[in-house]
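These notes concern the structure reproduced below.
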Amino acid sequence: MGNPHHHHHHHATADHDGSGMAELLDLDAEVLHAHLAEVTDLIAGLAADSPPRTILDLGSGTGTGVLTLLARFGEAEGIALDQDEHMLRRLTDRARALGLDRRVRTVQADLDTAWPSVGAVDLVWASASMHHMADPGRVLADVHAALRPGGLLAVLEMDSLPMPRFLPDDQGVGRPGLEARCHALLAEMRAEHMPLLGSDWGAPLAEAGFTVETERNFAIDLRPPLPAATGRYALATLRRVRSGVENLLDADDLAALDVLLDGDGPECVLRRTDLTVRTTRTVWLARRP
Ligand SMILES: C[S@@+](CC[C@H](N)C(=O)[O-])C[C@H]1O[C@@H](n2cnc3c(N)ncnc32)[C@H](O)[C@@H]1O
């Protein structure tokens, strides 16, 4: 499964532009918080008999998962694990601002290397991180071993691309379908470099010894009026999209994309009132028997 060299290359890139990615993760949380609440509701339902005391967030990024869960499960302590120290610093700042810093500790570790000694946990959360793993089967086996019997693992993933679509279909500043074309190009590249994106986690979970309790698909389709963060989310996302497709897109499409990204221009996504947020997410909730 996957070529480890690709993954290591990917890590280097992620570190390099860590701050842009970190901002994007924060905005993602802000805009999709209703979705997040639905997922934590599902977990609370499955953990009704014994609410989690120790929560491990795998590939925590800036901490959206663990911080949401700590707010939800008031008795719990959290461990945020990520390989990227910039992400973890940002997570610590966010935790402090929320008054949650005494309940969460950070562990910097590369899960492709070895499982770090984090002790026994009750709930593991892995959002948009499993598809990065060079050997997800090994990581799932390690998660299984770290969970107390009865403990839960939540795997959250996207169907194809991690970023939502923001423009109405007929929009693209004179280039209808612009965003769809960008996504198609990106999806082609992702399929090659990140084959696990959009894969089915049911079978690997069962293979690692888990019982899948719930699998739920979410079709997220937010329409105006949307929170102010949506424009910044669209801008940050489309900037990353541009850097992925700039050498593949035709000149007219690229020019149109630049109009959308021009922070001072009247057509900039920051000022558009017709933005949508459309994406799909799948959640697997699995238990260690
Ligand atoms: C797309 S982000 C998702 C962040 C967060 N879970 C969220 O949903 O907002 C993926 C995260 O996984 C981390 N990651 C990727 N591969 C990793 C590895 N091998 N070991 C530890 N962390 C890793 C990245 O540094 C990044 O912060």
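Residues are referred to by chain and number: the chain letter is A, B, ... according to the order shown in the structure tokens, the number counts from 1 in that chain, and ligands are numbered separately from 1 in the order shown.
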Residue neighbourhood Cys182 of chain A, 9 Å, only C-alpha atoms, exclusion window fewer than 5 positions, as JSON, numbers by chain: {"A": [177, 187, 241, 242, 244, 245, 248, 249, 253]}
Keeping C-alpha atoms, export the residues of the selection given above as an mmCIF file, in the first residue's frame.
data_model
loop_
_atom_site.group_PDB
_atom_site.id
_atom_site.type_symbol
_atom_site.label_atom_id
_atom_site.label_comp_id
_atom_site.auth_asym_id
_atom_site.auth_seq_id
_atom_site.Cartn_x
_atom_site.Cartn_y
_atom_site.Cartn_z
ATOM 1 C CA GLY A 177 -16.771 25.112 -14.467
ATOM 2 C CA ALA A 187 -7.921 14.479 -8.112
ATOM 3 C CA VAL A 241 -5.451 24.736 -5.400
ATOM 4 C CA ARG A 242 -3.656 27.252 -7.623
ATOM 5 C CA GLY A 244 -1.262 22.528 -7.367
ATOM 6 C CA VAL A 245 -2.623 23.203 -10.837
ATOM 7 C CA LEU A 248 -1.609 22.281 -15.838
ATOM 8 C CA LEU A 249 -4.391 24.801 -16.181
ATOM 9 C CA ASP A 253 -8.565 29.495 -16.481
#
Output as JSON lines one row per residue of chain A within 7 Å of ligand 1: the closest atom pair and its distance in Å to one decimal place, counting only C-alpha atoms and all ligand atoms, sorted by chain and residue number ascending.
{"residue": "A:His11", "atom": "CA", "partner": "ligand 1", "partner_atom_place_in_ligand_line": "16 (N)", "distance": 6.8}
{"residue": "A:Ala14", "atom": "CA", "partner": "ligand 1", "partner_atom_place_in_ligand_line": "25 (O)", "distance": 6.7}
{"residue": "A:Leu25", "atom": "CA", "partner": "ligand 1", "partner_atom_place_in_ligand_line": "9 (O)", "distance": 4.8}
{"residue": "A:Ala29", "atom": "CA", "partner": "ligand 1", "partner_atom_place_in_ligand_line": "9 (O)", "distance": 6.9}
{"residue": "A:Leu58", "atom": "CA", "partner": "ligand 1", "partner_atom_place_in_ligand_line": "22 (N)", "distance": 6.7}
{"residue": "A:Gly59", "atom": "CA", "partner": "ligand 1", "partner_atom_place_in_ligand_line": "12 (O)", "distance": 3.6}
{"residue": "A:Ser60", "atom": "CA", "partner": "ligand 1", "partner_atom_place_in_ligand_line": "6 (N)", "distance": 4.1}
{"residue": "A:Gly61", "atom": "CA", "partner": "ligand 1", "partner_atom_place_in_ligand_line": "27 (O)", "distance": 3.4}
{"residue": "A:Thr62", "atom": "CA", "partner": "ligand 1", "partner_atom_place_in_ligand_line": "9 (O)", "distance": 6.2}
{"residue": "A:Gly63", "atom": "CA", "partner": "ligand 1", "partner_atom_place_in_ligand_line": "5 (C)", "distance": 6.3}
{"residue": "A:Thr64", "atom": "CA", "partner": "ligand 1", "partner_atom_place_in_ligand_line": "9 (O)", "distance": 5.3}
{"residue": "A:Gly65", "atom": "CA", "partner": "ligand 1", "partner_atom_place_in_ligand_line": "6 (N)", "distance": 6.3}
{"residue": "A:Leu81", "atom": "CA", "partner": "ligand 1", "partner_atom_place_in_ligand_line": "21 (C)", "distance": 6.5}
{"residue": "A:Asp82", "atom": "CA", "partner": "ligand 1", "partner_atom_place_in_ligand_line": "22 (N)", "distance": 3.9}
{"residue": "A:Gln83", "atom": "CA", "partner": "ligand 1", "partner_atom_place_in_ligand_line": "21 (C)", "distance": 4.1}
{"residue": "A:Asp84", "atom": "CA", "partner": "ligand 1", "partner_atom_place_in_ligand_line": "25 (O)", "distance": 4.8}
{"residue": "A:Met87", "atom": "CA", "partner": "ligand 1", "partner_atom_place_in_ligand_line": "27 (O)", "distance": 6.1}
{"residue": "A:Ala109", "atom": "CA", "partner": "ligand 1", "partner_atom_place_in_ligand_line": "21 (C)", "distance": 5.6}
{"residue": "A:Asp110", "atom": "CA", "partner": "ligand 1", "partner_atom_place_in_ligand_line": "20 (N)", "distance": 3.6}
{"residue": "A:Leu111", "atom": "CA", "partner": "ligand 1", "partner_atom_place_in_ligand_line": "20 (N)", "distance": 3.8}
{"residue": "A:Asp112", "atom": "CA", "partner": "ligand 1", "partner_atom_place_in_ligand_line": "19 (N)", "distance": 4.5}
{"residue": "A:Ala126", "atom": "CA", "partner": "ligand 1", "partner_atom_place_in_ligand_line": "6 (N)", "distance": 6.0}
{"residue": "A:Ser127", "atom": "CA", "partner": "ligand 1", "partner_atom_place_in_ligand_line": "6 (N)", "distance": 4.2}
{"residue": "A:Ala128", "atom": "CA", "partner": "ligand 1", "partner_atom_place_in_ligand_line": "3 (C)", "distance": 4.7}
{"residue": "A:Ser129", "atom": "CA", "partner": "ligand 1", "partner_atom_place_in_ligand_line": "12 (O)", "distance": 4.4}
{"residue": "A:His132", "atom": "CA", "partner": "ligand 1", "partner_atom_place_in_ligand_line": "16 (N)", "distance": 4.9}
{"residue": "A:Met133", "atom": "CA", "partner": "ligand 1", "partner_atom_place_in_ligand_line": "19 (N)", "distance": 5.4}
Go ahead and save the residues from that selection, with N, CA, C and O atoms, as a JSON list (two decimals), in the first residue's frame.
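Done, and the output landed in again18.json:
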[["chain", "number", "residue", "atom", "x", "y", "z"],
["A", 11, "HIS", "N", 5.79, 14.81, 3.50],
["A", 11, "HIS", "CA", 6.05, 15.42, 4.81],
["A", 11, "HIS", "C", 6.87, 16.68, 4.67],
["A", 11, "HIS", "O", 6.59, 17.69, 5.29],
["A", 14, "ALA", "N", 4.73, 19.44, 3.59],
["A", 14, "ALA", "CA", 3.80, 19.88, 4.62],
["A", 14, "ALA", "C", 4.52, 20.78, 5.63],
["A", 14, "ALA", "O", 3.98, 21.79, 6.08],
["A", 25, "LEU", "N", -6.76, 24.62, 8.35],
["A", 25, "LEU", "CA", -7.40, 23.68, 9.27],
["A", 25, "LEU", "C", -8.27, 24.42, 10.28],
["A", 25, "LEU", "O", -9.37, 23.96, 10.62],
["A", 29, "ALA", "N", -12.47, 24.12, 10.55],
["A", 29, "ALA", "CA", -13.19, 23.84, 11.78],
["A", 29, "ALA", "C", -14.29, 24.87, 12.02],
["A", 29, "ALA", "O", -15.41, 24.54, 12.43],
["A", 58, "LEU", "N", -4.83, 11.58, 16.57],
["A", 58, "LEU", "CA", -3.74, 11.16, 15.69],
["A", 58, "LEU", "C", -3.65, 12.07, 14.48],
["A", 58, "LEU", "O", -4.58, 12.15, 13.69],
["A", 59, "GLY", "N", -2.52, 12.72, 14.29],
["A", 59, "GLY", "CA", -2.40, 13.69, 13.21],
["A", 59, "GLY", "C", -3.33, 14.86, 13.52],
["A", 59, "GLY", "O", -4.17, 15.24, 12.73],
["A", 60, "SER", "N", -3.13, 15.39, 14.72],
["A", 60, "SER", "CA", -4.07, 16.37, 15.29],
["A", 60, "SER", "C", -4.11, 17.68, 14.51],
["A", 60, "SER", "O", -5.08, 18.42, 14.63],
["A", 61, "GLY", "N", -3.07, 17.98, 13.76],
["A", 61, "GLY", "CA", -3.02, 19.31, 13.13],
["A", 61, "GLY", "C", -3.10, 20.37, 14.21],
["A", 61, "GLY", "O", -2.45, 20.27, 15.26],
["A", 62, "THR", "N", -3.96, 21.36, 14.00],
["A", 62, "THR", "CA", -4.08, 22.45, 14.97],
["A", 62, "THR", "C", -5.07, 22.13, 16.09],
["A", 62, "THR", "O", -5.40, 23.00, 16.88],
["A", 63, "GLY", "N", -5.57, 20.91, 16.13],
["A", 63, "GLY", "CA", -6.30, 20.47, 17.32],
["A", 63, "GLY", "C", -7.81, 20.51, 17.26],
["A", 63, "GLY", "O", -8.48, 20.33, 18.29],
["A", 64, "THR", "N", -8.36, 20.72, 16.09],
["A", 64, "THR", "CA", -9.82, 20.77, 15.96],
["A", 64, "THR", "C", -10.50, 19.60, 16.67],
["A", 64, "THR", "O", -11.45, 19.79, 17.42],
["A", 65, "GLY", "N", -10.00, 18.40, 16.44],
["A", 65, "GLY", "CA", -10.64, 17.21, 17.01],
["A", 65, "GLY", "C", -10.53, 17.17, 18.51],
["A", 65, "GLY", "O", -11.54, 17.16, 19.23],
["A", 81, "LEU", "N", -1.23, 14.27, 18.94],
["A", 81, "LEU", "CA", -0.03, 13.73, 18.31],
["A", 81, "LEU", "C", 0.06, 14.21, 16.88],
["A", 81, "LEU", "O", -0.89, 14.07, 16.11],
["A", 82, "ASP", "N", 1.20, 14.78, 16.52],
["A", 82, "ASP", "CA", 1.44, 15.18, 15.15],
["A", 82, "ASP", "C", 2.94, 15.20, 14.92],
["A", 82, "ASP", "O", 3.73, 15.33, 15.87],
["A", 83, "GLN", "N", 3.33, 15.08, 13.67],
["A", 83, "GLN", "CA", 4.77, 15.12, 13.38],
["A", 83, "GLN", "C", 5.26, 16.55, 13.20],
["A", 83, "GLN", "O", 6.44, 16.80, 13.17],
["A", 84, "ASP", "N", 4.30, 17.47, 13.07],
["A", 84, "ASP", "CA", 4.64, 18.83, 12.68],
["A", 84, "ASP", "C", 4.60, 19.75, 13.90],
["A", 84, "ASP", "O", 3.54, 20.00, 14.46],
["A", 87, "MET", "N", 2.28, 22.85, 13.83],
["A", 87, "MET", "CA", 0.87, 22.53, 14.12],
["A", 87, "MET", "C", 0.66, 22.45, 15.64],
["A", 87, "MET", "O", -0.31, 22.97, 16.17],
["A", 109, "ALA", "N", 5.58, 13.22, 16.96],
["A", 109, "ALA", "CA", 6.05, 11.90, 16.55],
["A", 109, "ALA", "C", 5.61, 11.63, 15.12],
["A", 109, "ALA", "O", 4.54, 12.10, 14.69],
["A", 110, "ASP", "N", 6.43, 10.90, 14.40],
["A", 110, "ASP", "CA", 6.10, 10.46, 13.04],
["A", 110, "ASP", "C", 5.55, 9.04, 13.14],
["A", 110, "ASP", "O", 6.29, 8.11, 13.47],
["A", 111, "LEU", "N", 4.28, 8.88, 12.84],
["A", 111, "LEU", "CA", 3.65, 7.57, 12.98],
["A", 111, "LEU", "C", 4.17, 6.56, 11.97],
["A", 111, "LEU", "O", 3.96, 5.36, 12.15],
["A", 112, "ASP", "N", 4.84, 7.04, 10.93],
["A", 112, "ASP", "CA", 5.42, 6.10, 9.97],
["A", 112, "ASP", "C", 6.66, 5.42, 10.54],
["A", 112, "ASP", "O", 7.10, 4.39, 10.04],
["A", 126, "ALA", "N", -8.98, 10.18, 14.47],
["A", 126, "ALA", "CA", -8.05, 10.35, 13.35],
["A", 126, "ALA", "C", -8.80, 11.01, 12.20],
["A", 126, "ALA", "O", -9.51, 10.34, 11.45],
["A", 127, "SER", "N", -8.66, 12.31, 12.10],
["A", 127, "SER", "CA", -9.40, 13.06, 11.09],
["A", 127, "SER", "C", -8.47, 13.50, 9.97],
["A", 127, "SER", "O", -7.51, 14.24, 10.21],
["A", 128, "ALA", "N", -8.76, 13.05, 8.77],
["A", 128, "ALA", "CA", -7.97, 13.41, 7.58],
["A", 128, "ALA", "C", -6.49, 13.12, 7.78],
["A", 128, "ALA", "O", -5.64, 13.80, 7.24],
["A", 129, "SER", "N", -6.20, 12.13, 8.59],
["A", 129, "SER", "CA", -4.80, 11.79, 8.83],
["A", 129, "SER", "C", -4.46, 10.37, 8.39],
["A", 129, "SER", "O", -3.34, 10.11, 7.94],
["A", 132, "HIS", "N", -2.68, 9.67, 5.14],
["A", 132, "HIS", "CA", -1.27, 10.04, 5.02],
["A", 132, "HIS", "C", -0.32, 8.91, 5.40],
["A", 132, "HIS", "O", 0.88, 8.99, 5.11],
["A", 133, "MET", "N", -0.82, 7.88, 6.08],
["A", 133, "MET", "CA", 0.06, 6.88, 6.65],
["A", 133, "MET", "C", 0.67, 5.97, 5.58],
["A", 133, "MET", "O", -0.01, 5.51, 4.67]]
Write out as JSON, numbers by chain the residues lying within 12 Å of Thr230 of chain A, counting only C-alpha atoms and excluding same-chain residues fewer than 6 positions away. {"A": [24, 26, 27, 28, 29, 30, 31, 32, 164, 165, 166, 167, 222, 223, 224, 236, 237, 238, 269, 270, 271, 272, 273, 274, 275, 276, 277, 278]}
Identify, on the basis of only C-alpha atoms, every residue whose closest approach to Ile55 of chain A does not exceed 10 Å; exclude the query and any residue fewer than 5 positions from it along the same chain; express the result as a list in words.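 Neighbouring residues, sequence-local ones excluded: Gly65, Val66, Leu69, Leu70, Phe73, Ala76, Glu77, Gly78, Ile79, Ala80, Val104, Ala120, Val121, Asp122, Leu123, Val124, Trp125, Leu147, Gly151, Leu152 and Leu153 of chain A.
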Apply DSSP to the backbone of this structure and, from segment 54-231 of chain A, keep only the residues in alpha helix (DSSP H); write these as a PyMOL selection string. chain A and resi 64-72+85-97+136-146+178-193+202-207+229-231
Write to file, as a PDB file, in the first residue's frame, the residues of the selection just made, with C-alpha atoms.
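Output file selection05.pdb follows:
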ATOM      1  CA  THR A  64      -9.820  20.774  15.959  1.00  0.00           C
ATOM      2  CA  GLY A  65     -10.635  17.207  17.005  1.00  0.00           C
ATOM      3  CA  VAL A  66      -9.110  16.999  20.457  1.00  0.00           C
ATOM      4  CA  LEU A  67     -10.255  20.478  21.507  1.00  0.00           C
ATOM      5  CA  THR A  68     -13.828  19.796  20.394  1.00  0.00           C
ATOM      6  CA  LEU A  69     -13.811  16.470  22.231  1.00  0.00           C
ATOM      7  CA  LEU A  70     -12.379  17.965  25.437  1.00  0.00           C
ATOM      8  CA  ALA A  71     -15.160  20.539  25.417  1.00  0.00           C
ATOM      9  CA  ARG A  72     -17.665  17.744  24.925  1.00  0.00           C
ATOM     10  CA  GLU A  85       5.803  21.032  15.536  1.00  0.00           C
ATOM     11  CA  HIS A  86       4.319  24.147  13.978  1.00  0.00           C
ATOM     12  CA  MET A  87       0.873  22.533  14.118  1.00  0.00           C
ATOM     13  CA  LEU A  88       1.407  21.545  17.741  1.00  0.00           C
ATOM     14  CA  ARG A  89       2.524  25.039  18.757  1.00  0.00           C
ATOM     15  CA  ARG A  90      -0.584  26.452  17.179  1.00  0.00           C
ATOM     16  CA  LEU A  91      -2.674  23.827  18.949  1.00  0.00           C
ATOM     17  CA  THR A  92      -1.181  24.831  22.297  1.00  0.00           C
ATOM     18  CA  ASP A  93      -2.053  28.501  21.676  1.00  0.00           C
ATOM     19  CA  ARG A  94      -5.590  27.549  20.708  1.00  0.00           C
ATOM     20  CA  ALA A  95      -5.953  25.345  23.815  1.00  0.00           C
ATOM     21  CA  ARG A  96      -4.768  28.207  26.026  1.00  0.00           C
ATOM     22  CA  ALA A  97      -7.264  30.605  24.448  1.00  0.00           C
ATOM     23  CA  PRO A 136      -2.120   2.244   7.824  1.00  0.00           C
ATOM     24  CA  GLY A 137      -2.595  -1.419   8.746  1.00  0.00           C
ATOM     25  CA  ARG A 138       0.286  -1.209  11.202  1.00  0.00           C
ATOM     26  CA  VAL A 139      -0.999   2.070  12.650  1.00  0.00           C
ATOM     27  CA  LEU A 140      -4.501   0.596  13.093  1.00  0.00           C
ATOM     28  CA  ALA A 141      -2.998  -2.408  14.894  1.00  0.00           C
ATOM     29  CA  ASP A 142      -1.098  -0.026  17.186  1.00  0.00           C
ATOM     30  CA  VAL A 143      -4.273   1.978  17.836  1.00  0.00           C
ATOM     31  CA  HIS A 144      -6.062  -1.248  18.709  1.00  0.00           C
ATOM     32  CA  ALA A 145      -3.327  -2.171  21.170  1.00  0.00           C
ATOM     33  CA  ALA A 146      -3.371   1.295  22.776  1.00  0.00           C
ATOM     34  CA  LEU A 178     -13.385  26.571 -13.509  1.00  0.00           C
ATOM     35  CA  GLU A 179     -13.344  25.086 -10.033  1.00  0.00           C
ATOM     36  CA  ALA A 180     -14.535  21.679 -11.267  1.00  0.00           C
ATOM     37  CA  ARG A 181     -11.667  21.608 -13.772  1.00  0.00           C
ATOM     38  CA  CYS A 182      -9.152  22.464 -11.043  1.00  0.00           C
ATOM     39  CA  HIS A 183     -10.555  19.705  -8.853  1.00  0.00           C
ATOM     40  CA  ALA A 184     -10.397  17.170 -11.650  1.00  0.00           C
ATOM     41  CA  LEU A 185      -6.707  17.943 -12.193  1.00  0.00           C
ATOM     42  CA  LEU A 186      -5.982  17.729  -8.477  1.00  0.00           C
ATOM     43  CA  ALA A 187      -7.921  14.479  -8.112  1.00  0.00           C
ATOM     44  CA  GLU A 188      -5.809  12.925 -10.840  1.00  0.00           C
ATOM     45  CA  MET A 189      -2.597  13.863  -9.018  1.00  0.00           C
ATOM     46  CA  ARG A 190      -3.925  12.753  -5.651  1.00  0.00           C
ATOM     47  CA  ALA A 191      -4.946   9.393  -7.019  1.00  0.00           C
ATOM     48  CA  GLU A 192      -1.320   8.828  -7.898  1.00  0.00           C
ATOM     49  CA  HIS A 193       0.393  10.255  -4.816  1.00  0.00           C
ATOM     50  CA  GLY A 202     -14.217  -0.701   6.888  1.00  0.00           C
ATOM     51  CA  ALA A 203     -12.114  -3.686   5.839  1.00  0.00           C
ATOM     52  CA  PRO A 204      -8.773  -2.478   7.278  1.00  0.00           C
ATOM     53  CA  LEU A 205     -10.544  -1.690  10.562  1.00  0.00           C
ATOM     54  CA  ALA A 206     -12.011  -5.182  10.749  1.00  0.00           C
ATOM     55  CA  GLU A 207      -8.648  -6.672   9.872  1.00  0.00           C
ATOM     56  CA  ALA A 229     -14.741  32.922   7.760  1.00  0.00           C
ATOM     57  CA  THR A 230     -16.046  31.284   4.567  1.00  0.00           C
ATOM     58  CA  GLY A 231     -14.397  33.868   2.307  1.00  0.00           C
TER      59      GLY A 231
END
Based on DSSP run over this structure's backbone, return all residues of segment 12-122 of chain A in strand (DSSP E), as number ranges by chain. A: 54-58, 77-82, 104-108, 121-122
Coordinates-based distance that separates atom CA of Asp159 of chain A from atom CA of Thr282 of chain A (Å, one decimal): 7.1 Å
Enumerate, in order of chain and increasing residue number, the residues of segment 197-248 of chain A with an atom no farther than 12 Å from segment 34-43 of chain A, each with its shortest atom pair and distance in Å to one decimal, counting only C-alpha atoms, as a tab-separated table.
residue	atom	partner	partner_atom	distance
A:Glu213	CA	A:Ile43	CA	10.2
A:Thr214	CA	A:Leu42	CA	8.5
A:Glu215	CA	A:Leu42	CA	10.4
A:Arg216	CA	A:Val39	CA	9.1
A:Asn217	CA	A:Val39	CA	10.7
A:Phe218	CA	A:His35	CA	8.2
A:Ala219	CA	A:His35	CA	9.8
A:Ile220	CA	A:His35	CA	7.8
A:Asp221	CA	A:His35	CA	10.6
A:Leu222	CA	A:Ala34	CA	10.5
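The spacing separating atom CA of Asp200 of chain A from atom CA of Ala286 of chain A amounts to 13.4 Å.
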What does the distance from atom CA of Ala47 of chain A to atom CA of Leu100 of chain A come to in Å, to one decimal?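 Atom CA of Leu100 of chain A lies 21.5 Å from atom CA of Ala47 of chain A.
Taking only C-alpha atoms into account, Leu254 of chain A lies nearest to A:Val173 out of the set A:Val283, A:Leu226, A:Leu46, A:Val173.
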